[in-house]
Amino acid sequence: MSSNKVKKGGIVAGVVAALFVHLLSISAHANWNSPYPSEVVDEQVLYSSFSGRPKHLDPARSYSSNEYTFIGQIYEPPLQYHYLKRPYKLEPLVASAIPEAYYIDRDGERLADGAAVEDIAYSIYEVSIREGVRYQPHPAFARNDSGALRYVELTEDALSGVENLSDFPHNNSRLLTAEDYVYQIKRLAHPALHSPIFGLMTEHIVGLSDLREALKGAREKDSSGWLDLRKFPLEGVEVVDAHTYRIKIKGKYPQFLYWLAMPFFAPMPWEVDQFHAQPLLQERNITLDWYPVGTGPFMLTVNNPNRKMVLERNPNYHPDYYPVEGEAKDRLSGLLDDGGEQIPFLDRIEFSLEKETIPYWNKFLQGYYDSSGISSDSFDQAVQFSSSGEAELSREMEKRGMRLQTSVSTSIFYMGFNMADPVIGGSSERARKLRQAISIAVDYEEYISIFANGRGIPAQGPLPAGIFGHQDGGEGINSVVYQWQDGRARRRSLEEAKRLLAEAGYPKGRDRESGKPLTLYFDVTASGPDDKARMGWYRKQFEKIDLQLVIRNTDYNRFQDKMLNGNAQIYLWGWNADYPDPENFLFLLYGPNAKMGKNGENASNYDSADFNRLFERMKNMENSPERQQVIEQMTALLQEDAPWVWGFHPKNFGLYHAWYRNTKPNLMANNTLKYVRLNPVERARLRAEWNRPVLWPLWGGGLLLLLLIVPAWLGIRRKERSSLRTQEG
Amino acid sequence: MLNYILRRILYAFPILVGVNLITFFLFFVVNTPDDMARMHLGMKHVTEEAIENWKQERGYDRPLLWNESASGSEKLTETLIISESLKLFRFDFGVADDGRNIGGDIKQRMGPSLAIAVPIFLIGLFTNITFAMLMVFFRATYLDLSGVVLTVVLMSISGLFYVIGGQFVVGKLMHLVPISGYEGGLGAFRFVILPVVIGVISGIGSGTRWYRTIFLEEMGKDYVRTARAKGLSEYRVLFHHVLRNAMIPILTGAVVVLPLLFMGSLITESFFGIPGLGSYTIEAINAQDFAIVRAMVFLGAVLYIIGLLLTDLSYTLVDPRVRLS
């Protein structure tokens with residue numbers, strides 16, 4: 001046999017082998033286009049995705065929703081939000097009860113309940129945790145025969161063959177103790193962790209700054225080793241007994257309880273911290289920032305942020321039950337059918353990396369993802385608006401048995417004015433009327449319709465629905481911008497805006513004194529593909545009242561600098577609530593929180609003595625009619641001063657397949673996956689129905705190819721023969 | 001030959017130093033370490049102290065080029081540029097700003113990139129050369145003309161269209177392969193088949209036109225006339241003489257991209273959910289992760305230099321007249 005023949009034979013064998021492999025691999029799947037390896041049909045496996053790798057999974061560092069999707073299911077802070085009740089309500093998770101604060105004065109004397117805020121020097125929260133709660137299995141807890149930790153001071157030899165956490169042969173667990181919670185609070189001050197709430201918490205937790213200094217000093221002496229935080233006292237946090245710890249807060253800060261429902265305050269066992277501090281493990285990407293360890297319903301078993309993350313049920317999870325109470329409508333919608341049943345229902349949650357929305361949407365339609373948001377590309381396919389303006393499912397989606405759920409998010413996107421700016425800012429009548437005129441002209445109803453597919457509610461003030469202090473209907477409207485007519489808010493006319501503008505000294509958009517047209521500057525970071533249209537729209541809104549708007553587009557860093565230095569004039573900004581309390585929105589306009597010079601969250605540098613005084617009073621109050629009254633006064637002040645064009649509160653749209661149960665949007669809770677239940681048999685049936693292979697185009701294509709090849713081949717033969725004949729002739 | 005290779009390797013050092021310098025300057029002209037810190041620490045509750053700590057932890061508090069506060073040679077070595085660059089030459093890429101080991105990530109993401117890029121390259125090369133040869137064979141006939149029109153049409157369509165169209169037809173309408181995703185080992189076959197087919201088809205237009213031009217140029221040379229005068233069939237003329245003589249321009253284009261196959265393809269990988277290196281650099285630029293950008297630019301430069309060296313070496317294999325000295 002010649003070598004050429006051998007080569008050709010090899011190629012043919014290679015092609016046949018490849019086809020064989022393909023046939024083998026697809027024969028293992030019920031559906032050819034299934035992106036998952038063969039699965040057990042009745043397993044409770046939820047399929048979801050992530051669009052970019054999470055930055056941090058360490059509870060001391062993580063602070064974004066895409067990270068909380070993972071760690072919210074793993075780490076358990078003492079408190080959680082009730083899944084079904086609204087308004088949002090805290091309830092114990094690992095704590096045995098919601099801690100109630102008691103207050104002491106400067107001399108350490110306990111004050112009576114209802115003591116004046118001025119007398120309160122410290123608030124004390126004593127948190128008791130449930131007994132018998134265990135951590136997930138983890139090699140950090142494994143001990144050898146002599147009882148010492150097995151995997152500390154690991155050497156390169158000991159780690160040969162170890163690439164992942166699952167490569168460690170020994171795992172163990174231990175009981176949760178109060179000390180683990182204290183350890184985690186100390187981690188917030190760790191200089192290497194850069195916890196995003198450290199700065200904020202130093203204002204509240206006694207001694208946190210001192211602990212930071214002590215830890216800094218210790219790290220300067222030895223920066224490579226593990227810092228055993230148990231050896232560093234924190235004045236404001238102490239262990240009372242194995243299941244109780246105490247936190248000392250400066251002054252009165254009732255919102256602190258909400259922080260106790262966030263992963264920042266979840267427990268961290270010292271063994272796990274010590275284990276992950278080993279440099280040889282860090283070289284293998286086995287760090288605490290990538291391998292969360294908790295007591296929650298799930299544990300991260302596959303951690304490949306470049307491809308797939310898998311959460312599996314924690315075998316050591318403590319007894320936990322589906323809620324038996326909710327809102328009245330929850331029973332009707334079947335949300336209480338599983339009341340009292342042990343959770344979690346899911347065995348596994350698979351998150352696949354999916355960067356683009358189009359493939360994600362198509363896979364969702366094929367049933368390979370269980371739920372989906374709706375991108376603007378697919379909005380018209382999924383949603384239609386009824387004659388009353390209500391969003392409802394398109395017929396195609398309805399036919400597939402899907403459900404649409406909408407919720408107004410506890411966030412706000414607004415256009416801000418820099419109150420330190422000499423033209424647009426300040427408390428003068430002239431500047432205020434100019435801001436009010438712009439507030440009327442910038443038509444956010446139109447913006448929501450054009451740029452958000454109607455997914456938003458025009459804001460009347462800083463507080464979104466669902467937050468205490470928010471008012472619906474005619475009472476809650478911003479009377480500077482709207483009028484209440486025929487049962488709905490109607491934007492005031494452009495004539496009124498122009499009148500205000502003239503009163504401000506700018507008739508027809510020109511300065512009355514100089515006669516020059518008024519030019520305003522819009523500082524933005526507009527780099528996306530839709531931003532050109534968006535900026536054009538903003539310019540048009542200003543043109544409606546004869547104002548010229550110059551777009552000063554810049555990158556994010558320069559923009560931050562401008563904001564810090566107070567050089568921006570008009571800007572766009574947003575805020576997403578940390579917790580459902582009005583303080584978390586109104587502090588965005590509290591004078592001492594100014595962005596300029598202080599790097600606070602008050603990006604407009606608004607500083608009104610009246611507002612500040614009311615804020616200081618409101619922030620320490622319990623939710624009550626009195627507090628409501630104060631908030632109304634504050635909102636009225638803000639509406640009149642108009643430091644922001646109030647913008648809108650986005651509305652979230654979620655689509656769920658028929659087999660997905662127990663879904664209720666909860667914008668505060670991070671641990672909602674434990675309540676989800678699926679019907680995997682129904683899912684398998686529908687997937688098979690929706691994904692039957694269509695083969696005829698393949699045969700048609702093959703035939704077409706043949707029709708192309710045969711004439712070409714015949715042509716070659718003919719040409720060869722004719723040239724031979726010519727030569728012979 | 002060995003001397004030549006050694007010399008080329010030595011030439012590579014100043015190039016790599018230059019590339020590294022340019023990367024440093026471009027990156028730090030656009031971003032200050034303060035900007036990077038802000039980006040990493042997030043939007044909420046970021047204090048000046050947190051920014052300072054972040055910079056200190058990662059060594060970004062050091063001067064870029066000249067450390068006035070240091071003494072002796074440390075004025076030069078205790079700078080950001082020297083301390084960070086030296087590690088690169090040992091292929092120690094360090095740790096990304098999110099704490100992950102860059103070398104480990106590159107190793108992990110290189111496989112999926114190659115699983116797509118190598119078949120596209122090989123099958124694409126074979127297909128394009130075959131089509132080009134056929135067009136040359138039928139030159140100046142309606143088949144050639146139709147081929148030229150078809151290739152121009154294929155060239156004019158955006159790459160993204162092939163990807164979305166292919167996913168729509170094959171994945172969504174015909175349900176033959178997964179729309180996106182990836183698995184390791186043999187399971188990868190189901191996931192790479194569609195991107196490979198799309199990659200090959202989208203490259204046919206430009207590739208075939210390019211090779212057709214090369215072959216037509218060769219067809220006008222004296223040796224072709226001589227071969228025909230000897231009475232060789234057109235088939236033998238094309239495949240035994242023209243193809244062999246056209247190898248130098250083919251290799252110039254093909255071998256140089258071989259090492260760069262490691263770097264992956266941004267659009268294909270993003271749309272097909274392939275966890276490759278294609279988007280690694282872009283993601284790092286967006287996240288202002290200088291450690292990854294520096295590592296990837298350095299790696300790209302090294303691979304490009306290797307590609308050029310391989311191209312030169314391959315000339316000696318296909319053309320005995322070429323001597324490297």
# chains A, B, ... in the order shown; residues from 1 in each chain; ligands from 1

call {"tool": "closest_atom_pairs", "arguments": {"of": "region 37-77 of chain B", "to": "region 289-309 of chain B", "cutoff": "12 Å", "atoms": "only C-alpha atoms", "output": "tab-separated table"}}
result
residue	atom	partner	partner_atom	distance
B:Ala37	CA	B:Asp289	CA	9.8
B:Arg38	CA	B:Asp289	CA	11.7
B:Met39	CA	B:Asp289	CA	9.2
B:His40	CA	B:Asp289	CA	8.6
B:Arg58	CA	B:Ala291	CA	9.9
B:Gly59	CA	B:Ala291	CA	11.4
B:Tyr60	CA	B:Phe290	CA	10.4

call {"tool": "residues_around", "arguments": {"residues": "Gly253 (chain B)", "least_positions_apart": "2", "cutoff": "12 Å", "atoms": "only C-alpha atoms", "output": "PDB file with N, CA and C atoms, in the first residue's frame"}}
result
ATOM      1  N   PHE B 121      -8.947  26.787  11.467  1.00  0.00           N
ATOM      2  CA  PHE B 121      -7.752  27.117  10.698  1.00  0.00           C
ATOM      3  C   PHE B 121      -7.452  26.036   9.661  1.00  0.00           C
ATOM      4  N   LEU B 125      -8.270  26.422   5.801  1.00  0.00           N
ATOM      5  CA  LEU B 125      -7.135  26.475   4.871  1.00  0.00           C
ATOM      6  C   LEU B 125      -7.370  25.499   3.716  1.00  0.00           C
ATOM      7  N   GLY B 207     -10.621  34.212   2.112  1.00  0.00           N
ATOM      8  CA  GLY B 207      -9.554  33.227   1.947  1.00  0.00           C
ATOM      9  C   GLY B 207      -9.449  32.773   0.500  1.00  0.00           C
ATOM     10  N   TRP B 210      -8.085  35.447  -1.815  1.00  0.00           N
ATOM     11  CA  TRP B 210      -6.652  35.667  -1.585  1.00  0.00           C
ATOM     12  C   TRP B 210      -5.825  34.582  -2.287  1.00  0.00           C
ATOM     13  N   TYR B 211      -6.215  33.324  -2.085  1.00  0.00           N
ATOM     14  CA  TYR B 211      -5.442  32.224  -2.679  1.00  0.00           C
ATOM     15  C   TYR B 211      -5.616  32.203  -4.204  1.00  0.00           C
ATOM     16  N   ILE B 214      -3.165  34.560  -5.607  1.00  0.00           N
ATOM     17  CA  ILE B 214      -1.801  33.998  -5.569  1.00  0.00           C
ATOM     18  C   ILE B 214      -1.620  32.987  -6.714  1.00  0.00           C
ATOM     19  N   ALA B 246       3.385  28.168  -4.900  1.00  0.00           N
ATOM     20  CA  ALA B 246       2.615  29.208  -4.192  1.00  0.00           C
ATOM     21  C   ALA B 246       2.727  29.054  -2.680  1.00  0.00           C
ATOM     22  N   MET B 247       3.515  28.072  -2.246  1.00  0.00           N
ATOM     23  CA  MET B 247       3.575  27.791  -0.813  1.00  0.00           C
ATOM     24  C   MET B 247       4.150  28.949   0.001  1.00  0.00           C
ATOM     25  N   ILE B 248       5.104  29.684  -0.582  1.00  0.00           N
ATOM     26  CA  ILE B 248       5.727  30.762   0.212  1.00  0.00           C
ATOM     27  C   ILE B 248       4.711  31.824   0.609  1.00  0.00           C
ATOM     28  N   PRO B 249       3.963  32.391  -0.338  1.00  0.00           N
ATOM     29  CA  PRO B 249       2.930  33.354   0.124  1.00  0.00           C
ATOM     30  C   PRO B 249       1.869  32.714   1.012  1.00  0.00           C
ATOM     31  N   ILE B 250       1.543  31.438   0.762  1.00  0.00           N
ATOM     32  CA  ILE B 250       0.543  30.786   1.619  1.00  0.00           C
ATOM     33  C   ILE B 250       1.088  30.664   3.043  1.00  0.00           C
ATOM     34  N   LEU B 251       2.345  30.230   3.112  1.00  0.00           N
ATOM     35  CA  LEU B 251       2.940  30.066   4.452  1.00  0.00           C
ATOM     36  C   LEU B 251       3.075  31.397   5.170  1.00  0.00           C
ATOM     37  N   VAL B 255       1.373  30.464   8.585  1.00  0.00           N
ATOM     38  CA  VAL B 255       2.186  30.042   9.732  1.00  0.00           C
ATOM     39  C   VAL B 255       2.236  31.127  10.810  1.00  0.00           C
ATOM     40  N   VAL B 256       2.234  32.386  10.346  1.00  0.00           N
ATOM     41  CA  VAL B 256       2.357  33.468  11.325  1.00  0.00           C
ATOM     42  C   VAL B 256       1.156  33.511  12.282  1.00  0.00           C
ATOM     43  N   VAL B 257       0.010  33.036  11.799  1.00  0.00           N
ATOM     44  CA  VAL B 257      -1.157  33.088  12.703  1.00  0.00           C
ATOM     45  C   VAL B 257      -1.258  31.847  13.595  1.00  0.00           C
ATOM     46  N   LEU B 258      -0.446  30.831  13.275  1.00  0.00           N
ATOM     47  CA  LEU B 258      -0.543  29.582  14.060  1.00  0.00           C
ATOM     48  C   LEU B 258      -0.461  29.807  15.571  1.00  0.00           C
ATOM     49  N   GLY B 307       5.576  33.132  15.766  1.00  0.00           N
ATOM     50  CA  GLY B 307       4.931  32.922  14.467  1.00  0.00           C
ATOM     51  C   GLY B 307       5.815  33.377  13.325  1.00  0.00           C
ATOM     52  N   LEU B 308       6.427  34.551  13.490  1.00  0.00           N
ATOM     53  CA  LEU B 308       7.301  35.070  12.431  1.00  0.00           C
ATOM     54  C   LEU B 308       8.518  34.178  12.241  1.00  0.00           C
ATOM     55  N   LEU B 310       8.713  30.972  12.933  1.00  0.00           N
ATOM     56  CA  LEU B 310       8.262  29.727  12.307  1.00  0.00           C
ATOM     57  C   LEU B 310       8.051  29.929  10.809  1.00  0.00           C
ATOM     58  N   THR B 311       7.547  31.095  10.445  1.00  0.00           N
ATOM     59  CA  THR B 311       7.335  31.379   9.024  1.00  0.00           C
ATOM     60  C   THR B 311       8.660  31.336   8.278  1.00  0.00           C
ATOM     61  N   ASP B 312       9.659  32.005   8.847  1.00  0.00           N
ATOM     62  CA  ASP B 312      10.976  32.017   8.203  1.00  0.00           C
ATOM     63  C   ASP B 312      11.528  30.613   8.065  1.00  0.00           C
ATOM     64  N   SER B 314       9.864  27.878   7.962  1.00  0.00           N
ATOM     65  CA  SER B 314       9.079  27.057   7.037  1.00  0.00           C
ATOM     66  C   SER B 314       9.463  27.323   5.579  1.00  0.00           C
ATOM     67  N   TYR B 315       9.986  28.543   5.305  1.00  0.00           N
ATOM     68  CA  TYR B 315      10.414  28.824   3.935  1.00  0.00           C
ATOM     69  C   TYR B 315      11.471  27.817   3.478  1.00  0.00           C
TER      70      TYR B 315
END

call {"tool": "interface_residues", "arguments": {"of": "chain B", "to": "chain A", "cutoff": "6 Å", "atoms": "only C-alpha atoms", "output": "PDB file with C-alpha atoms, in the first residue's frame"}}
result
ATOM      1  CA  ASP B  35      -9.101  54.876  38.893  1.00  0.00           C
ATOM      2  CA  ASP B  98      -9.651  39.675  41.624  1.00  0.00           C
ATOM      3  CA  ARG B 100      -7.034  34.637  40.558  1.00  0.00           C
ATOM      4  CA  ASN B 101      -3.784  33.234  39.248  1.00  0.00           C
ATOM      5  CA  MET B 174     -33.338  22.508  13.133  1.00  0.00           C
ATOM      6  CA  HIS B 175     -32.465  21.594  16.754  1.00  0.00           C
ATOM      7  CA  LEU B 176     -29.346  19.735  15.630  1.00  0.00           C
ATOM      8  CA  VAL B 177     -26.710  21.060  18.004  1.00  0.00           C
ATOM      9  CA  PRO B 178     -26.708  23.114  21.205  1.00  0.00           C
ATOM     10  CA  GLY B 181     -22.177  25.968  25.758  1.00  0.00           C
ATOM     11  CA  SER B 270     -18.855  35.071  23.360  1.00  0.00           C
ATOM     12  CA  PHE B 271     -21.839  33.939  21.299  1.00  0.00           C
ATOM     13  CA  GLY B 273     -20.354  30.389  25.320  1.00  0.00           C
ATOM     14  CA  PRO B 275     -14.792  29.602  27.820  1.00  0.00           C
TER      15      PRO B 275
END

call {"tool": "residues_around", "arguments": {"residues": "region 459-473 of chain A", "least_positions_apart": "4", "cutoff": "8 Å", "atoms": "only C-alpha atoms", "output": "PyMOL selection string"}}
result
chain A and resi 86-88+408-412+477-478+487-489+580-582+585-586+623+627-628+631-632+635+638-639+646-649

call {"tool": "closest_residue", "arguments": {"among": "A:Glu153, A:Glu429, A:Asp273, A:Glu392", "to": "Ala642 (chain A)", "atoms": "only C-alpha atoms"}}
result
A:Glu429

call {"tool": "atom_distance", "arguments": {"atom1": "CA of Val136 (chain B)", "atom2": "CA of Ser722 (chain A)"}}
result
17.3 Å

call {"tool": "select_by_dssp", "arguments": {"residues": "region 491-564 of chain A", "states": "helix (DSSP H, G or I)", "output": "JSON, numbers by chain"}}
result
{"A": [494, 495, 496, 497, 498, 499, 500, 501, 502, 503, 507, 508, 509, 531, 532, 533, 534, 535, 536, 537, 538, 539, 540, 541, 542, 543, 556, 557, 558, 559, 560, 561, 562, 563, 564]}

call {"tool": "write_last_selection", "arguments": {"atoms": "C-alpha atoms", "output": "PDB file, in the first residue's frame"}}
result
ATOM      1  CA  LEU A 494     -44.137  73.247  28.664  1.00  0.00           C
ATOM      2  CA  GLU A 495     -45.708  76.703  28.952  1.00  0.00           C
ATOM      3  CA  GLU A 496     -45.456  76.407  32.711  1.00  0.00           C
ATOM      4  CA  ALA A 497     -41.844  75.322  32.354  1.00  0.00           C
ATOM      5  CA  LYS A 498     -41.146  78.311  30.114  1.00  0.00           C
ATOM      6  CA  ARG A 499     -42.869  80.616  32.563  1.00  0.00           C
ATOM      7  CA  LEU A 500     -40.658  79.304  35.365  1.00  0.00           C
ATOM      8  CA  LEU A 501     -37.660  79.763  33.117  1.00  0.00           C
ATOM      9  CA  ALA A 502     -38.640  83.382  32.443  1.00  0.00           C
ATOM     10  CA  GLU A 503     -39.112  83.956  36.167  1.00  0.00           C
ATOM     11  CA  PRO A 507     -36.897  84.184  28.966  1.00  0.00           C
ATOM     12  CA  LYS A 508     -36.778  82.104  25.787  1.00  0.00           C
ATOM     13  CA  GLY A 509     -33.648  80.435  27.113  1.00  0.00           C
ATOM     14  CA  ASP A 531     -26.188  56.113  24.091  1.00  0.00           C
ATOM     15  CA  LYS A 532     -26.107  58.310  21.016  1.00  0.00           C
ATOM     16  CA  ALA A 533     -29.885  58.128  20.702  1.00  0.00           C
ATOM     17  CA  ARG A 534     -30.234  58.617  24.438  1.00  0.00           C
ATOM     18  CA  MET A 535     -28.068  61.726  24.462  1.00  0.00           C
ATOM     19  CA  GLY A 536     -29.951  63.091  21.467  1.00  0.00           C
ATOM     20  CA  TRP A 537     -33.157  62.623  23.402  1.00  0.00           C
ATOM     21  CA  TYR A 538     -31.833  64.516  26.437  1.00  0.00           C
ATOM     22  CA  ARG A 539     -30.702  67.373  24.193  1.00  0.00           C
ATOM     23  CA  LYS A 540     -34.178  67.572  22.682  1.00  0.00           C
ATOM     24  CA  GLN A 541     -35.804  67.764  26.107  1.00  0.00           C
ATOM     25  CA  PHE A 542     -33.791  70.896  26.892  1.00  0.00           C
ATOM     26  CA  GLU A 543     -34.466  72.345  23.446  1.00  0.00           C
ATOM     27  CA  TYR A 556     -15.949  56.576  33.991  1.00  0.00           C
ATOM     28  CA  ASN A 557     -12.761  57.593  35.794  1.00  0.00           C
ATOM     29  CA  ARG A 558     -12.760  61.188  34.607  1.00  0.00           C
ATOM     30  CA  PHE A 559     -16.430  61.378  35.444  1.00  0.00           C
ATOM     31  CA  GLN A 560     -15.720  60.203  38.990  1.00  0.00           C
ATOM     32  CA  ASP A 561     -13.036  62.866  39.305  1.00  0.00           C
ATOM     33  CA  LYS A 562     -15.419  65.560  38.106  1.00  0.00           C
ATOM     34  CA  MET A 563     -18.012  64.474  40.622  1.00  0.00           C
ATOM     35  CA  LEU A 564     -15.473  64.389  43.432  1.00  0.00           C
TER      36      LEU A 564
END

call {"tool": "residues_around", "arguments": {"residues": "Tyr83 (chain A)", "least_positions_apart": "6", "cutoff": "9 Å", "atoms": "only C-alpha atoms", "output": "PyMOL selection string"}}
result
chain A and resi 89+322-323+326+664-666+669+672+675

call {"tool": "atom_distance", "arguments": {"atom1": "CA of Tyr47 (chain A)", "atom2": "CA of Ser371 (chain A)"}}
result
8.2 Å

call {"tool": "residues_around", "arguments": {"residues": "Val192 (chain B)", "least_positions_apart": "3", "cutoff": "10 Å", "atoms": "only C-alpha atoms", "output": "list in words"}}
result
Pro112, Ala115, Ile116, Ala117, Pro119, Ile120, Val177, Pro178, Ser180, Gly181, Tyr182, Glu183, Gly187, Ala188, Phe189, Pro195, Val196, Val197, Ile198, Phe272 and Ile274 of chain B

call {"tool": "select_by_dssp", "arguments": {"residues": "region 170-371 of chain A", "states": "strand (DSSP E or B)", "output": "VMD selection string"}}
result
chain A and resid 172 175 205 234 237 to 241 244 to 250 298 to 304 308 to 313 321 342 348 to 353 371

call {"tool": "atom_distance", "arguments": {"atom1": "CA of Met262 (chain A)", "atom2": "CA of Tyr181 (chain A)"}}
result
12.4 Å

call {"tool": "closest_residue", "arguments": {"among": "A:Val645, A:Glu445, A:Ile343, A:Leu614", "to": "Gly416 (chain A)", "atoms": "only C-alpha atoms"}}
result
A:Val645

call {"tool": "closest_residue", "arguments": {"among": "A:Pro78, A:Pro139, A:Pro711, A:Pro680", "to": "Gln44 (chain A)", "atoms": "only C-alpha atoms"}}
result
A:Pro680

call {"tool": "decode", "arguments": {"residues": "region 127-133 of chain B", "atoms": "all heavy atoms", "output": "mmCIF file, in the first residue's frame"}}
result
data_model
loop_
_atom_site.group_PDB
_atom_site.id
_atom_site.type_symbol
_atom_site.label_atom_id
_atom_site.label_comp_id
_atom_site.auth_asym_id
_atom_site.auth_seq_id
_atom_site.Cartn_x
_atom_site.Cartn_y
_atom_site.Cartn_z
ATOM 1 N N THR B 127 -10.220 24.137 2.715
ATOM 2 C CA THR B 127 -11.379 24.520 1.905
ATOM 3 C C THR B 127 -11.039 25.690 0.988
ATOM 4 O O THR B 127 -11.361 25.672 -0.210
ATOM 5 C CB THR B 127 -12.545 24.938 2.830
ATOM 6 O OG1 THR B 127 -12.665 23.979 3.859
ATOM 7 C CG2 THR B 127 -13.852 25.059 2.093
ATOM 8 N N ASN B 128 -10.403 26.688 1.549
ATOM 9 C CA ASN B 128 -10.109 27.891 0.755
ATOM 10 C C ASN B 128 -9.170 27.577 -0.401
ATOM 11 O O ASN B 128 -9.365 28.050 -1.526
ATOM 12 C CB ASN B 128 -9.498 28.988 1.635
ATOM 13 C CG ASN B 128 -10.463 29.438 2.707
ATOM 14 O OD1 ASN B 128 -11.653 29.155 2.610
ATOM 15 N ND2 ASN B 128 -9.973 30.110 3.723
ATOM 16 N N ILE B 129 -8.145 26.775 -0.116
ATOM 17 C CA ILE B 129 -7.189 26.433 -1.184
ATOM 18 C C ILE B 129 -7.901 25.603 -2.255
ATOM 19 O O ILE B 129 -7.718 25.832 -3.459
ATOM 20 C CB ILE B 129 -5.970 25.688 -0.591
ATOM 21 C CG1 ILE B 129 -5.132 26.674 0.228
ATOM 22 C CG2 ILE B 129 -5.130 25.044 -1.691
ATOM 23 C CD1 ILE B 129 -3.944 26.077 0.922
ATOM 24 N N THR B 130 -8.737 24.671 -1.815
ATOM 25 C CA THR B 130 -9.456 23.834 -2.782
ATOM 26 C C THR B 130 -10.341 24.691 -3.681
ATOM 27 O O THR B 130 -10.310 24.562 -4.907
ATOM 28 C CB THR B 130 -10.325 22.796 -2.026
ATOM 29 O OG1 THR B 130 -9.496 22.143 -1.088
ATOM 30 C CG2 THR B 130 -10.943 21.790 -2.981
ATOM 31 N N PHE B 131 -11.123 25.566 -3.075
ATOM 32 C CA PHE B 131 -12.007 26.419 -3.864
ATOM 33 C C PHE B 131 -11.203 27.310 -4.813
ATOM 34 O O PHE B 131 -11.568 27.500 -5.970
ATOM 35 C CB PHE B 131 -12.897 27.287 -2.963
ATOM 36 C CG PHE B 131 -14.089 26.540 -2.421
ATOM 37 C CD1 PHE B 131 -14.833 27.054 -1.372
ATOM 38 C CD2 PHE B 131 -14.477 25.316 -2.950
ATOM 39 C CE1 PHE B 131 -15.924 26.377 -0.859
ATOM 40 C CE2 PHE B 131 -15.571 24.622 -2.440
ATOM 41 C CZ PHE B 131 -16.284 25.153 -1.398
ATOM 42 N N ALA B 132 -10.119 27.854 -4.295
ATOM 43 C CA ALA B 132 -9.302 28.746 -5.125
ATOM 44 C C ALA B 132 -8.722 27.994 -6.317
ATOM 45 O O ALA B 132 -8.703 28.495 -7.448
ATOM 46 C CB ALA B 132 -8.190 29.356 -4.274
ATOM 47 N N MET B 133 -8.269 26.762 -6.053
ATOM 48 C CA MET B 133 -7.710 25.947 -7.131
ATOM 49 C C MET B 133 -8.773 25.657 -8.195
ATOM 50 O O MET B 133 -8.507 25.719 -9.392
ATOM 51 C CB MET B 133 -7.203 24.610 -6.566
ATOM 52 C CG MET B 133 -5.927 24.728 -5.796
ATOM 53 S SD MET B 133 -4.618 25.320 -6.843
ATOM 54 C CE MET B 133 -3.441 24.067 -6.689
#
